[in-house]
>>> print(open('target.cif').read())   # mmCIF, C-alpha atoms
data_coords
loop_
_atom_site.label_atom_id
_atom_site.label_comp_id
_atom_site.auth_asym_id
_atom_site.auth_seq_id
_atom_site.Cartn_x
_atom_site.Cartn_y
_atom_site.Cartn_z
CA MET A 1 78.97 130.15 -44.14
CA ILE A 2 77.02 127.94 -46.52
CA GLN A 3 73.79 128.62 -44.65
CA GLY A 4 74.42 132.37 -44.95
CA ALA A 5 75.13 132.17 -48.67
CA LEU A 6 72.01 130.10 -49.30
CA ALA A 7 69.97 132.44 -47.11
CA GLY A 8 71.04 135.24 -49.45
CA LEU A 9 69.50 133.35 -52.38
CA ALA A 10 66.05 134.68 -51.45
CA ALA A 11 67.19 138.26 -51.99
CA GLY A 12 69.27 137.10 -54.94
CA GLY A 13 66.16 135.72 -56.61
CA VAL A 14 64.52 139.15 -56.30
CA TYR A 15 67.61 140.86 -57.73
CA ALA A 16 67.62 138.34 -60.57
CA ALA A 17 63.91 138.74 -61.36
CA LEU A 18 64.14 142.54 -61.33
CA GLY A 19 67.36 142.33 -63.35
CA VAL A 20 65.56 140.24 -65.96
CA CYS A 21 62.82 142.90 -66.07
CA LEU A 22 65.42 145.65 -66.58
CA THR A 23 67.06 143.63 -69.33
CA LEU A 24 63.72 143.13 -71.07
CA MET A 25 62.96 146.83 -70.86
CA SER A 26 66.36 147.73 -72.26
CA ARG A 27 66.19 145.21 -75.10
CA LEU A 28 62.58 145.64 -76.15
CA VAL A 29 61.55 149.23 -75.37
CA ARG A 30 64.94 150.99 -75.08
CA VAL A 31 64.51 152.07 -71.45
CA VAL A 32 66.43 151.46 -68.23
CA ASN A 33 63.43 151.70 -65.93
CA PHE A 34 64.56 153.21 -62.61
CA ALA A 35 60.97 152.94 -61.35
CA GLN A 36 60.91 149.17 -61.86
CA ALA A 37 61.00 148.30 -58.16
CA ALA A 38 58.96 151.35 -57.12
CA THR A 39 55.89 150.25 -59.10
CA GLY A 40 56.13 146.84 -57.44
CA MET A 41 56.57 148.49 -54.04
CA PHE A 42 53.45 150.61 -54.49
CA GLY A 43 51.41 147.61 -55.61
CA ALA A 44 52.64 145.67 -52.57
CA PHE A 45 51.72 148.53 -50.23
CA CYS A 46 48.24 148.63 -51.76
CA ALA A 47 47.95 144.90 -51.06
CA VAL A 48 48.82 145.49 -47.39
CA TRP A 49 46.20 148.25 -47.17
CA LEU A 50 43.57 145.99 -48.74
CA VAL A 51 44.27 143.34 -46.09
CA THR A 52 44.60 145.55 -43.01
CA THR A 53 41.98 148.21 -43.80
CA ALA A 54 39.57 146.77 -46.38
CA GLY A 55 39.65 143.30 -44.80
CA LEU A 56 40.23 141.36 -48.02
CA PRO A 57 41.76 137.88 -47.92
CA ILE A 58 45.52 137.99 -48.34
CA TRP A 59 45.47 136.04 -51.62
CA LEU A 60 42.94 138.39 -53.22
CA ALA A 61 44.73 141.49 -51.93
CA SER A 62 48.02 140.14 -53.31
CA VAL A 63 46.49 139.56 -56.75
CA LEU A 64 45.03 143.08 -56.78
CA GLY A 65 48.34 144.53 -55.61
CA ILE A 66 50.18 142.74 -58.42
CA LEU A 67 47.67 144.11 -60.94
CA ILE A 68 48.10 147.63 -59.53
CA GLY A 69 51.86 147.32 -59.99
CA GLY A 70 51.33 146.24 -63.59
CA VAL A 71 48.89 149.07 -64.31
CA LEU A 72 51.23 151.68 -62.83
CA ALA A 73 54.06 150.42 -65.01
CA ALA A 74 51.76 150.42 -68.05
CA VAL A 75 50.80 154.07 -67.38
CA ILE A 76 54.48 155.04 -67.32
CA GLY A 77 54.94 153.03 -70.51
CA TRP A 78 52.02 154.83 -72.15
CA VAL A 79 53.64 158.17 -71.37
CA ALA A 80 56.96 156.98 -72.82
CA ALA A 81 55.33 155.49 -75.93
CA THR A 82 53.14 158.55 -76.54
CA TRP A 83 55.47 161.48 -75.92
CA LEU A 84 58.96 160.00 -75.97
CA SER A 85 58.74 157.46 -78.77
CA GLU A 86 61.47 159.19 -80.79
CA ALA A 87 63.67 160.08 -77.82
CA ASN A 88 67.00 158.38 -77.23
CA VAL A 89 67.63 155.78 -74.53
CA THR A 90 69.16 158.31 -72.14
CA THR A 91 66.13 160.61 -72.25
CA ARG A 92 63.61 157.78 -71.95
CA SER A 93 65.50 156.29 -69.02
CA ALA A 94 65.89 159.62 -67.24
CA MET A 95 62.12 160.08 -67.47
CA THR A 96 61.57 157.10 -65.16
CA VAL A 97 63.32 158.87 -62.27
CA GLY A 98 60.22 161.08 -61.97
CA PRO A 99 57.81 158.16 -61.33
CA LEU A 100 60.36 156.64 -58.93
CA LEU A 101 60.36 159.74 -56.73
CA LEU A 102 56.62 160.28 -57.19
CA LEU A 103 55.72 156.77 -56.04
CA ILE A 104 58.00 156.96 -53.00
CA SER A 105 56.49 160.32 -52.02
CA LEU A 106 52.94 159.12 -52.66
CA SER A 107 53.51 156.03 -50.53
CA PHE A 108 54.66 158.27 -47.65
CA ILE A 109 51.50 160.37 -48.01
CA LEU A 110 49.06 157.45 -48.28
CA PHE A 111 50.68 154.78 -46.11
CA GLY A 112 53.08 156.65 -43.84
CA ASN A 113 56.88 156.43 -43.66
CA LYS A 114 57.10 153.35 -41.45
CA PRO A 115 57.64 149.77 -42.66
CA GLN A 116 54.40 148.07 -43.65
CA PRO A 117 53.06 144.99 -41.79
CA PHE A 118 53.43 142.52 -44.62
CA ALA A 119 51.91 139.10 -43.97
CA PRO A 120 53.87 136.34 -45.71
CA ILE A 121 52.01 134.66 -48.57
CA ILE A 122 54.47 131.77 -48.38
CA ALA A 123 56.64 130.77 -45.43
CA GLY A 124 58.56 127.91 -43.91
CA PRO A 125 61.26 125.56 -45.18
CA ALA A 126 60.95 123.92 -48.58
CA PHE A 127 63.61 121.22 -48.19
CA ARG A 128 67.06 120.55 -46.78
CA VAL A 129 70.34 120.01 -48.60
CA GLY A 130 73.03 118.46 -46.42
CA GLY A 131 71.54 119.99 -43.28
CA VAL A 132 71.11 123.42 -44.91
CA VAL A 133 67.52 124.67 -45.02
CA ILE A 134 66.17 126.09 -48.27
CA SER A 135 63.11 128.25 -47.59
CA GLN A 136 59.96 128.43 -49.68
CA VAL A 137 60.63 132.14 -50.26
CA THR A 138 64.04 131.30 -51.73
CA LEU A 139 62.52 128.65 -53.96
CA ALA A 140 59.79 131.06 -55.11
CA THR A 141 62.01 134.04 -55.93
CA VAL A 142 64.68 132.00 -57.70
CA GLY A 143 61.96 130.06 -59.52
CA VAL A 144 60.27 133.24 -60.73
CA ALA A 145 63.58 134.61 -62.05
CA VAL A 146 64.49 131.40 -63.90
CA VAL A 147 60.99 130.78 -65.28
CA VAL A 148 60.63 134.36 -66.51
CA ALA A 149 64.06 134.30 -68.19
CA LEU A 150 63.35 130.97 -69.91
CA GLY A 151 59.79 131.93 -70.82
CA VAL A 152 60.83 135.23 -72.37
CA HIS A 153 63.62 133.55 -74.32
CA LEU A 154 61.18 131.03 -75.79
CA LEU A 155 58.66 133.80 -76.51
CA LEU A 156 61.22 135.87 -78.39
CA VAL A 157 62.64 133.07 -80.54
CA ARG A 158 59.61 130.85 -81.18
CA THR A 159 56.51 133.03 -81.44
CA ARG A 160 55.17 135.62 -83.84
CA ILE A 161 54.81 138.17 -81.04
CA GLY A 162 58.43 137.57 -80.10
CA THR A 163 59.51 138.24 -83.68
CA GLN A 164 57.52 141.47 -83.66
CA LEU A 165 59.09 142.53 -80.36
CA ARG A 166 62.59 141.85 -81.65
CA ALA A 167 61.85 143.75 -84.86
CA LEU A 168 60.47 146.64 -82.83
CA SER A 169 63.56 146.81 -80.65
CA GLU A 170 66.13 146.41 -83.44
CA ARG A 171 64.44 148.22 -86.35
CA PRO A 172 61.59 150.31 -84.90
CA THR A 173 60.99 152.47 -87.99
CA THR A 174 61.01 149.49 -90.34
CA ALA A 175 58.72 147.55 -88.00
CA GLU A 176 56.17 150.35 -87.99
CA LEU A 177 56.30 150.61 -91.78
CA LEU A 178 55.52 146.90 -91.94
CA GLY A 179 52.37 147.46 -89.87
CA ILE A 180 53.58 146.31 -86.45
CA ARG A 181 51.67 148.26 -83.79
CA SER A 182 54.48 149.56 -81.63
CA ARG A 183 52.55 151.33 -78.89
CA PRO A 184 50.39 148.38 -77.67
CA LEU A 185 53.39 146.04 -77.72
CA SER A 186 55.54 148.52 -75.83
CA ILE A 187 52.88 149.13 -73.18
CA ALA A 188 52.38 145.37 -72.84
CA VAL A 189 56.08 144.94 -72.03
CA TRP A 190 55.80 147.62 -69.34
CA PHE A 191 52.68 145.96 -67.91
CA VAL A 192 54.19 142.47 -67.72
CA THR A 193 57.41 143.66 -66.10
CA GLY A 194 55.31 145.63 -63.60
CA LEU A 195 53.40 142.45 -62.70
CA ILE A 196 56.65 140.55 -62.17
CA SER A 197 58.12 143.30 -60.00
CA ALA A 198 55.05 143.47 -57.77
CA LEU A 199 54.95 139.67 -57.44
CA VAL A 200 58.55 139.24 -56.26
CA ILE A 201 58.35 142.22 -53.91
CA ILE A 202 55.17 140.89 -52.29
CA ILE A 203 56.96 137.55 -51.79
CA ILE A 204 60.16 138.98 -50.31
CA ALA A 205 58.85 142.03 -48.38
CA PRO A 206 57.95 140.18 -45.14
CA SER A 207 61.59 139.12 -44.72
CA GLN A 208 63.23 142.35 -45.96
CA SER A 209 63.18 146.02 -45.05
CA SER A 210 59.56 146.84 -45.93
CA ASP A 211 59.71 150.63 -46.08
CA ALA A 212 59.07 152.44 -49.36
CA THR A 213 62.62 153.65 -49.90
CA GLY A 214 64.25 150.32 -49.08
CA LEU A 215 62.02 148.36 -51.45
CA SER A 216 62.32 150.95 -54.23
CA MET A 217 66.10 150.89 -53.95
CA LEU A 218 66.13 147.21 -54.88
CA ILE A 219 66.62 148.74 -58.31
CA VAL A 220 70.33 149.17 -57.48
CA PRO A 221 71.26 145.47 -57.08
CA ALA A 222 68.84 144.69 -59.92
CA ALA A 223 70.73 147.10 -62.18
CA ALA A 224 74.01 145.49 -61.11
CA ALA A 225 72.62 142.08 -62.08
CA ALA A 226 71.39 143.36 -65.46
CA LEU A 227 74.74 145.06 -66.08
CA LEU A 228 76.53 141.72 -65.88
CA GLY A 229 74.68 140.77 -69.05
CA GLY A 230 75.12 144.20 -70.58
CA PHE A 231 71.35 144.75 -70.30
CA ARG A 232 71.08 142.25 -73.17
CA ARG A 233 71.49 138.70 -71.82
CA LEU A 234 68.77 137.28 -69.60
CA ASP A 235 70.84 134.34 -68.36
CA LEU A 236 73.64 136.54 -67.07
CA ALA A 237 71.11 138.82 -65.38
CA VAL A 238 69.86 135.79 -63.44
CA VAL A 239 73.40 134.70 -62.58
CA GLY A 240 74.35 138.22 -61.50
CA GLY A 241 71.35 138.54 -59.19
CA LEU A 242 71.93 135.17 -57.53
CA VAL A 243 75.66 135.84 -57.06
CA LEU A 244 74.95 139.23 -55.49
CA GLY A 245 72.41 137.70 -53.13
CA MET A 246 74.73 134.90 -52.08
CA LEU A 247 77.65 137.29 -51.54
CA GLY A 248 75.41 139.52 -49.44
CA GLY A 249 74.26 136.59 -47.34
CA LEU A 250 77.83 135.36 -46.92
CA VAL A 251 79.19 138.74 -45.87
CA ALA A 252 76.32 139.21 -43.39
CA GLN A 253 77.65 136.19 -41.47
CA ILE A 254 81.07 137.79 -40.92
CA ASP A 255 80.83 140.48 -38.25
CA GLU A 256 84.06 142.22 -39.27
CA VAL A 257 82.86 142.98 -42.83
CA SER A 258 79.07 142.79 -42.51
CA VAL A 259 78.87 146.60 -42.61
CA ILE A 260 79.88 146.62 -46.30
CA ARG A 261 77.00 144.34 -47.30
CA ASN A 262 74.86 147.21 -48.60
CA PHE A 263 77.75 148.56 -50.67
CA PHE A 264 78.21 145.34 -52.63
CA PRO A 265 75.88 146.29 -55.54
CA PHE A 266 77.68 149.62 -56.00
CA LEU A 267 81.08 147.91 -55.98
CA PHE A 268 79.74 145.34 -58.42
CA ILE A 269 78.57 148.09 -60.78
CA VAL A 270 81.87 149.99 -60.59
CA VAL A 271 83.94 146.87 -61.28
CA LEU A 272 81.75 145.87 -64.24
CA LEU A 273 81.91 149.37 -65.72
CA LEU A 274 85.70 149.48 -65.37
CA TRP A 275 86.01 146.02 -66.89
CA SER A 276 83.75 146.96 -69.82
CA GLN A 277 86.00 149.95 -70.57
CA ARG A 278 89.27 148.04 -70.21
CA LYS A 279 90.02 147.96 -73.96
CA GLU A 280 89.69 151.73 -74.35
CA VAL A 281 91.83 152.35 -71.25
CA TRP A 282 94.54 149.96 -72.38
CA ASP A 283 94.54 151.38 -75.92
CA ALA A 284 94.90 154.91 -74.53
CA ALA A 285 97.77 153.82 -72.30
CA ARG A 286 99.81 152.46 -75.21
#
>>> encode(input="target.cif", output="structure tokens")
Amino acid sequence: MIQGALAGLAAGGVYAALGVCLTLMSRLVRVVNFAQAATGMFGAFCAVWLVTTAGLPIWLASVLGILIGGVLAAVIGWVAATWLSEANVTTRSAMTVGPLLLLISLSFILFGNKPQPFAPIIAGPAFRVGGVVISQVTLATVGVAVVVALGVHLLLVRTRIGTQLRALSERPTTAELLGIRSRPLSIAVWFVTGLISALVIIIIAPSQSSDATGLSMLIVPAAAAALLGGFRRLDLAVVGGLVLGMLGGLVAQIDEVSVIRNFFPFLFIVVLLLWSQRKEVWDAAR
């Protein structure tokens, strides 16, 4: 049981990292980016192609794939900042469904519809805790999620750029009147979150379903993790991702209920939404 739960931490770290990215996007650029995992997936697929076809070393191909993921996200961000700057959150978020479907379709055209032969960039056990093995992949994904959450928190509260980003997210019109350049900052947020998405997907893909749809749909558990923090709190997004991963790993060890493993993120989302609306429901029932 414990081994299964800890094995799920690797996936939980990915959910947490992507959940942190979704939270950042929601807080800073007013978008729930449904293409968050898809840009990382496409960058990862490009990395595989660079290794298997172009013959590049795996480390160089991985770096280029991460950059491609960041650039793709930045292009989507440029579109949002240029033509949808005054749109509401719903419209801006709905726009990202287009790139999600486009990237999945494009990956089928360019790379085929079969899982890609990802070579692990890290592998093997990291250490043992009471006889339970913690893998290097687990350590990497959880580490990325925690470091990104802490780093962004420090950036937002202790730096001038962080102050500008918070002003842009909370008072965009006032920020622009004060001379803060909104478009470059917004695109930079898209670019950085694209880099993070591509990085964690390249790390986890060798041990997960490595087809385009499966990797792109990591957005669902990531959204569940971000929802725990109301798309505002980075720490709860990390906690939500890790809990989801551990629950998934635990359930996978029990044959009688392992079939519901893939439904956990949806159940998580439904429960959180119902809980968030409890006050209105109770008030209406009085």
>>> atom_distance(input="target.cif", atom1="CA of Leu110 (chain A)", atom2="CA of Leu64 (chain A)")
17.2 Å
>>> resolve_selection(input="target.cif", expression="the PyMOL selection byres ((chain A and resi 218) around 10)", output="VMD selection string")
chain A and resid 11 14 to 15 18 to 19 34 36 to 38 41 201 213 to 217 219 to 223 265
>>> resolve_selection(input="target.cif", expression="the PyMOL selection byres ((chain A and resi 77) around 12)", output="PyMOL selection string")
chain A and resi 25+29-33+35-36+39+70-76+78-85+92-93+95-96+99+182-194
>>> resolve_selection(input="target.cif", expression="the PyMOL selection byres ((chain A and resi 113-123) around 8)", output="PDB file with C-alpha atoms, in the coordinates of the input")
ATOM      1  CA  PHE A  45      51.720 148.530 -50.230  1.00  0.00           C
ATOM      2  CA  VAL A  48      48.820 145.490 -47.390  1.00  0.00           C
ATOM      3  CA  ILE A  58      45.520 137.990 -48.340  1.00  0.00           C
ATOM      4  CA  TRP A  59      45.470 136.040 -51.620  1.00  0.00           C
ATOM      5  CA  SER A 107      53.510 156.030 -50.530  1.00  0.00           C
ATOM      6  CA  PHE A 108      54.660 158.270 -47.650  1.00  0.00           C
ATOM      7  CA  ILE A 109      51.500 160.370 -48.010  1.00  0.00           C
ATOM      8  CA  PHE A 111      50.680 154.780 -46.110  1.00  0.00           C
ATOM      9  CA  GLY A 112      53.080 156.650 -43.840  1.00  0.00           C
ATOM     10  CA  GLY A 124      58.560 127.910 -43.910  1.00  0.00           C
ATOM     11  CA  PRO A 125      61.260 125.560 -45.180  1.00  0.00           C
ATOM     12  CA  SER A 135      63.110 128.250 -47.590  1.00  0.00           C
ATOM     13  CA  GLN A 136      59.960 128.430 -49.680  1.00  0.00           C
ATOM     14  CA  VAL A 137      60.630 132.140 -50.260  1.00  0.00           C
ATOM     15  CA  ILE A 202      55.170 140.890 -52.290  1.00  0.00           C
ATOM     16  CA  ILE A 203      56.960 137.550 -51.790  1.00  0.00           C
ATOM     17  CA  ALA A 205      58.850 142.030 -48.380  1.00  0.00           C
ATOM     18  CA  PRO A 206      57.950 140.180 -45.140  1.00  0.00           C
ATOM     19  CA  SER A 209      63.180 146.020 -45.050  1.00  0.00           C
ATOM     20  CA  SER A 210      59.560 146.840 -45.930  1.00  0.00           C
ATOM     21  CA  ASP A 211      59.710 150.630 -46.080  1.00  0.00           C
ATOM     22  CA  ALA A 212      59.070 152.440 -49.360  1.00  0.00           C
TER      23      ALA A 212
END
>>> atom_distance(input="target.cif", atom1="CA of Val271 (chain A)", atom2="CA of Leu242 (chain A)")
17.2 Å
>>> decode(input="target.cif", residues="region 38-73 of chain A", atoms="N, CA and C atoms", output="PDB file, in the first residue's frame")
ATOM      1  N   ALA A  38      -0.668  20.364 -23.373  1.00  0.00           N
ATOM      2  CA  ALA A  38      -0.490  20.075 -24.800  1.00  0.00           C
ATOM      3  C   ALA A  38       0.775  20.734 -25.356  1.00  0.00           C
ATOM      4  N   THR A  39       1.087  21.947 -24.920  1.00  0.00           N
ATOM      5  CA  THR A  39       2.317  22.589 -25.385  1.00  0.00           C
ATOM      6  C   THR A  39       3.539  21.818 -24.899  1.00  0.00           C
ATOM      7  N   GLY A  40       3.476  21.332 -23.655  1.00  0.00           N
ATOM      8  CA  GLY A  40       4.569  20.507 -23.139  1.00  0.00           C
ATOM      9  C   GLY A  40       4.674  19.188 -23.877  1.00  0.00           C
ATOM     10  N   MET A  41       3.512  18.590 -24.195  1.00  0.00           N
ATOM     11  CA  MET A  41       3.508  17.345 -24.957  1.00  0.00           C
ATOM     12  C   MET A  41       4.175  17.517 -26.311  1.00  0.00           C
ATOM     13  N   PHE A  42       3.828  18.602 -27.008  1.00  0.00           N
ATOM     14  CA  PHE A  42       4.374  18.805 -28.352  1.00  0.00           C
ATOM     15  C   PHE A  42       5.882  19.049 -28.282  1.00  0.00           C
ATOM     16  N   GLY A  43       6.321  19.808 -27.296  1.00  0.00           N
ATOM     17  CA  GLY A  43       7.753  20.009 -27.116  1.00  0.00           C
ATOM     18  C   GLY A  43       8.472  18.706 -26.825  1.00  0.00           C
ATOM     19  N   ALA A  44       7.840  17.849 -26.012  1.00  0.00           N
ATOM     20  CA  ALA A  44       8.438  16.545 -25.696  1.00  0.00           C
ATOM     21  C   ALA A  44       8.508  15.653 -26.933  1.00  0.00           C
ATOM     22  N   PHE A  45       7.466  15.669 -27.759  1.00  0.00           N
ATOM     23  CA  PHE A  45       7.474  14.881 -28.983  1.00  0.00           C
ATOM     24  C   PHE A  45       8.563  15.365 -29.941  1.00  0.00           C
ATOM     25  N   CYS A  46       8.756  16.681 -30.000  1.00  0.00           N
ATOM     26  CA  CYS A  46       9.836  17.224 -30.832  1.00  0.00           C
ATOM     27  C   CYS A  46      11.192  16.743 -30.332  1.00  0.00           C
ATOM     28  N   ALA A  47      11.336  16.653 -29.001  1.00  0.00           N
ATOM     29  CA  ALA A  47      12.588  16.155 -28.431  1.00  0.00           C
ATOM     30  C   ALA A  47      12.839  14.713 -28.843  1.00  0.00           C
ATOM     31  N   VAL A  48      11.791  13.879 -28.829  1.00  0.00           N
ATOM     32  CA  VAL A  48      11.936  12.485 -29.260  1.00  0.00           C
ATOM     33  C   VAL A  48      12.354  12.424 -30.727  1.00  0.00           C
ATOM     34  N   TRP A  49      11.737  13.249 -31.563  1.00  0.00           N
ATOM     35  CA  TRP A  49      12.078  13.268 -32.991  1.00  0.00           C
ATOM     36  C   TRP A  49      13.534  13.692 -33.190  1.00  0.00           C
ATOM     37  N   LEU A  50      13.988  14.665 -32.425  1.00  0.00           N
ATOM     38  CA  LEU A  50      15.366  15.137 -32.556  1.00  0.00           C
ATOM     39  C   LEU A  50      16.369  14.051 -32.164  1.00  0.00           C
ATOM     40  N   VAL A  51      15.984  13.184 -31.239  1.00  0.00           N
ATOM     41  CA  VAL A  51      16.873  12.087 -30.836  1.00  0.00           C
ATOM     42  C   VAL A  51      16.839  10.955 -31.853  1.00  0.00           C
ATOM     43  N   THR A  52      15.623  10.519 -32.228  1.00  0.00           N
ATOM     44  CA  THR A  52      15.494   9.321 -33.056  1.00  0.00           C
ATOM     45  C   THR A  52      15.766   9.572 -34.536  1.00  0.00           C
ATOM     46  N   THR A  53      15.453  10.770 -35.023  1.00  0.00           N
ATOM     47  CA  THR A  53      15.598  11.066 -36.450  1.00  0.00           C
ATOM     48  C   THR A  53      16.798  11.953 -36.748  1.00  0.00           C
ATOM     49  N   ALA A  54      16.962  13.028 -35.976  1.00  0.00           N
ATOM     50  CA  ALA A  54      18.072  13.951 -36.223  1.00  0.00           C
ATOM     51  C   ALA A  54      19.371  13.485 -35.570  1.00  0.00           C
ATOM     52  N   GLY A  55      19.263  12.537 -34.628  1.00  0.00           N
ATOM     53  CA  GLY A  55      20.466  11.983 -34.013  1.00  0.00           C
ATOM     54  C   GLY A  55      21.132  12.866 -32.982  1.00  0.00           C
ATOM     55  N   LEU A  56      20.394  13.822 -32.408  1.00  0.00           N
ATOM     56  CA  LEU A  56      20.983  14.691 -31.392  1.00  0.00           C
ATOM     57  C   LEU A  56      21.124  13.951 -30.067  1.00  0.00           C
ATOM     58  N   PRO A  57      22.070  14.358 -29.234  1.00  0.00           N
ATOM     59  CA  PRO A  57      22.157  13.778 -27.885  1.00  0.00           C
ATOM     60  C   PRO A  57      20.873  14.056 -27.109  1.00  0.00           C
ATOM     61  N   ILE A  58      20.530  13.157 -26.217  1.00  0.00           N
ATOM     62  CA  ILE A  58      19.251  13.270 -25.521  1.00  0.00           C
ATOM     63  C   ILE A  58      19.164  14.551 -24.692  1.00  0.00           C
ATOM     64  N   TRP A  59      20.287  14.971 -24.098  1.00  0.00           N
ATOM     65  CA  TRP A  59      20.231  16.182 -23.273  1.00  0.00           C
ATOM     66  C   TRP A  59      19.974  17.419 -24.119  1.00  0.00           C
ATOM     67  N   LEU A  60      20.595  17.493 -25.301  1.00  0.00           N
ATOM     68  CA  LEU A  60      20.394  18.639 -26.181  1.00  0.00           C
ATOM     69  C   LEU A  60      18.981  18.637 -26.754  1.00  0.00           C
ATOM     70  N   ALA A  61      18.506  17.459 -27.162  1.00  0.00           N
ATOM     71  CA  ALA A  61      17.142  17.355 -27.686  1.00  0.00           C
ATOM     72  C   ALA A  61      16.116  17.743 -26.621  1.00  0.00           C
ATOM     73  N   SER A  62      16.376  17.356 -25.370  1.00  0.00           N
ATOM     74  CA  SER A  62      15.456  17.698 -24.284  1.00  0.00           C
ATOM     75  C   SER A  62      15.408  19.202 -24.066  1.00  0.00           C
ATOM     76  N   VAL A  63      16.571  19.847 -24.088  1.00  0.00           N
ATOM     77  CA  VAL A  63      16.618  21.306 -23.924  1.00  0.00           C
ATOM     78  C   VAL A  63      15.852  21.995 -25.050  1.00  0.00           C
ATOM     79  N   LEU A  64      16.070  21.542 -26.281  1.00  0.00           N
ATOM     80  CA  LEU A  64      15.370  22.140 -27.426  1.00  0.00           C
ATOM     81  C   LEU A  64      13.867  21.884 -27.340  1.00  0.00           C
ATOM     82  N   GLY A  65      13.489  20.673 -26.904  1.00  0.00           N
ATOM     83  CA  GLY A  65      12.066  20.375 -26.746  1.00  0.00           C
ATOM     84  C   GLY A  65      11.416  21.261 -25.698  1.00  0.00           C
ATOM     85  N   ILE A  66      12.113  21.511 -24.598  1.00  0.00           N
ATOM     86  CA  ILE A  66      11.593  22.400 -23.556  1.00  0.00           C
ATOM     87  C   ILE A  66      11.421  23.810 -24.105  1.00  0.00           C
ATOM     88  N   LEU A  67      12.400  24.277 -24.881  1.00  0.00           N
ATOM     89  CA  LEU A  67      12.299  25.610 -25.484  1.00  0.00           C
ATOM     90  C   LEU A  67      11.134  25.689 -26.472  1.00  0.00           C
ATOM     91  N   ILE A  68      10.925  24.621 -27.239  1.00  0.00           N
ATOM     92  CA  ILE A  68       9.798  24.600 -28.179  1.00  0.00           C
ATOM     93  C   ILE A  68       8.478  24.701 -27.420  1.00  0.00           C
ATOM     94  N   GLY A  69       8.365  23.972 -26.315  1.00  0.00           N
ATOM     95  CA  GLY A  69       7.157  24.068 -25.496  1.00  0.00           C
ATOM     96  C   GLY A  69       6.931  25.482 -24.995  1.00  0.00           C
ATOM     97  N   GLY A  70       8.014  26.152 -24.566  1.00  0.00           N
ATOM     98  CA  GLY A  70       7.887  27.525 -24.099  1.00  0.00           C
ATOM     99  C   GLY A  70       7.485  28.478 -25.211  1.00  0.00           C
ATOM    100  N   VAL A  71       8.070  28.302 -26.391  1.00  0.00           N
ATOM    101  CA  VAL A  71       7.754  29.178 -27.527  1.00  0.00           C
ATOM    102  C   VAL A  71       6.309  28.992 -27.966  1.00  0.00           C
ATOM    103  N   LEU A  72       5.840  27.746 -28.017  1.00  0.00           N
ATOM    104  CA  LEU A  72       4.446  27.501 -28.385  1.00  0.00           C
ATOM    105  C   LEU A  72       3.492  28.193 -27.416  1.00  0.00           C
ATOM    106  N   ALA A  73       3.785  28.074 -26.130  1.00  0.00           N
ATOM    107  CA  ALA A  73       2.945  28.740 -25.134  1.00  0.00           C
ATOM    108  C   ALA A  73       3.003  30.255 -25.307  1.00  0.00           C
TER     109      ALA A  73
END
